[in-house]
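Data first, discussion second: the structure below is written as structure tokens.
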Amino acid sequence: MPRFAANLSMLFTEVPFLERFARARAAGFTAVEYLFPYDWPAEQLAEQLREQGLTQVLFNLPPGDWQAGERGIACLPDRVEEFRAGVDQGIAYARVLGNRQLNCLAGLKPADLDGQIAWETLVANVQYAADRFAEAGLTLCLEAINSRVDMPGFMLDTTGKVMALIEELDADNVRLQYDVYHMQIMEGDVIRTMECLLPWIGHIQFADNPGRHEPGSGEINFSNVFAALDQMGYQGWVSAEYRPSLVTEDTLSWFRAAN
């Protein structure tokens, strides 16, 4: 079965954030990710990883004002300096936490921003991040997020758009972050899509659809998805990024079955 990680921004939310590391380890996970580490000192998070014997596999670059509804600033031409500062901050945290991959959220395109300008800004910012990441020995991931349900206006809402961006870059350390939930909504045919894009996939996340809950709550046959990833020879992490419909431990039958 794939190597599973728990997203601590979504799972084990029954307890405060710093207590979720222990809950994840007790449930059997050996790796974690979360949306953003920046509200805590890096060493404090690293201490939790060490105490629980956990591997940090991913987090996102700073997204702008998340509470105000921003979902990344990489496409915004008036926020380039802020984006670059966020790249430095992300690298600094990764050095302490030990993960080798970070995700860049493209952002929502404002209605009054020309689409071509937004795209050119995104390409330039991602190229800058990729260059800085290469110096630090890191991989930059780009996630396609559905614009139908969760993030209307998100710049990269299909795998095709992510791949088009990657093709414009002069970088070999940029990968597609494939989210099964988001791409089931936008594209479907998830197993065949992952098989076709496997050389470019650096990280996988999942939740069932509809509802973004645990496997078995919706329409996706995760037993087939996980088996297919094994058959493809996928070597990366597969992260549970769903909203538990019950206490988190009571939604892990998929995890127990896979182990």
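Order determines the names: the first chain of the structure tokens is A, the second B, and so forth; residues in each chain are numbered 1 upward, and ligands are numbered 1 upward as they are shown.
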
Which of segment 60-208 of chain A DSSP labels helix (DSSP H, G or I), written as a ChimeraX atom specification: /A:66-68,77-97,115-136,159-168,180-186,190-200

DSSP-assigned strand (DSSP E or B) among segment 56-87 of chain A, expressed as a PyMOL selection string: chain A and resi 56-58+60

For the selection you just gave me, I'd like the residues written to a file as a PDB file, in the first residue's frame, keeping all heavy atoms.
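So out12.pdb came out as:
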ATOM      1  N   GLN A  56       7.963  15.017   8.557  1.00  0.00           N
ATOM      2  CA  GLN A  56       7.221  16.118   7.934  1.00  0.00           C
ATOM      3  C   GLN A  56       7.358  15.979   6.427  1.00  0.00           C
ATOM      4  O   GLN A  56       8.477  15.922   5.906  1.00  0.00           O
ATOM      5  CB  GLN A  56       7.798  17.451   8.389  1.00  0.00           C
ATOM      6  CG  GLN A  56       7.145  18.670   7.771  1.00  0.00           C
ATOM      7  CD  GLN A  56       5.849  19.042   8.457  1.00  0.00           C
ATOM      8  OE1 GLN A  56       5.752  18.949   9.676  1.00  0.00           O
ATOM      9  NE2 GLN A  56       4.860  19.449   7.685  1.00  0.00           N
ATOM     10  N   VAL A  57       6.233  15.931   5.706  1.00  0.00           N
ATOM     11  CA  VAL A  57       6.320  15.673   4.273  1.00  0.00           C
ATOM     12  C   VAL A  57       5.975  16.882   3.409  1.00  0.00           C
ATOM     13  O   VAL A  57       6.392  16.939   2.241  1.00  0.00           O
ATOM     14  CB  VAL A  57       5.452  14.471   3.857  1.00  0.00           C
ATOM     15  CG1 VAL A  57       5.899  13.217   4.591  1.00  0.00           C
ATOM     16  CG2 VAL A  57       3.968  14.721   4.092  1.00  0.00           C
ATOM     17  N   LEU A  58       5.228  17.852   3.959  1.00  0.00           N
ATOM     18  CA  LEU A  58       4.786  18.960   3.111  1.00  0.00           C
ATOM     19  C   LEU A  58       4.160  20.054   3.963  1.00  0.00           C
ATOM     20  O   LEU A  58       3.589  19.785   5.017  1.00  0.00           O
ATOM     21  CB  LEU A  58       3.743  18.467   2.096  1.00  0.00           C
ATOM     22  CG  LEU A  58       3.297  19.478   1.032  1.00  0.00           C
ATOM     23  CD1 LEU A  58       4.229  19.440  -0.173  1.00  0.00           C
ATOM     24  CD2 LEU A  58       1.866  19.208   0.569  1.00  0.00           C
ATOM     25  N   ASN A  60       2.527  24.408   2.882  1.00  0.00           N
ATOM     26  CA  ASN A  60       2.361  25.392   1.822  1.00  0.00           C
ATOM     27  C   ASN A  60       3.203  26.633   2.075  1.00  0.00           C
ATOM     28  O   ASN A  60       3.448  27.020   3.229  1.00  0.00           O
ATOM     29  CB  ASN A  60       0.899  25.830   1.714  1.00  0.00           C
ATOM     30  CG  ASN A  60      -0.022  24.700   1.299  1.00  0.00           C
ATOM     31  OD1 ASN A  60       0.269  23.938   0.395  1.00  0.00           O
ATOM     32  ND2 ASN A  60      -1.152  24.597   1.978  1.00  0.00           N
TER      33      ASN A  60
END

Spatial neighbours of Ile145 of chain A, 12 Å, only C-alpha atoms, chain gap at least 6 places, as a PyMOL selection string: chain A and resi 71-72+104-108+151-162+176-187+205-206

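Nearest to Val190 of chain A of all the residues A:Met163, A:Ile73, A:Leu229, A:Leu169 is A:Leu229, counting only C-alpha atoms.
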
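Nearest residue to Glu81 of chain A, choosing from A:Ala227, A:Leu54, A:Ala129, A:Leu246 and counting only C-alpha atoms: A:Ala129.
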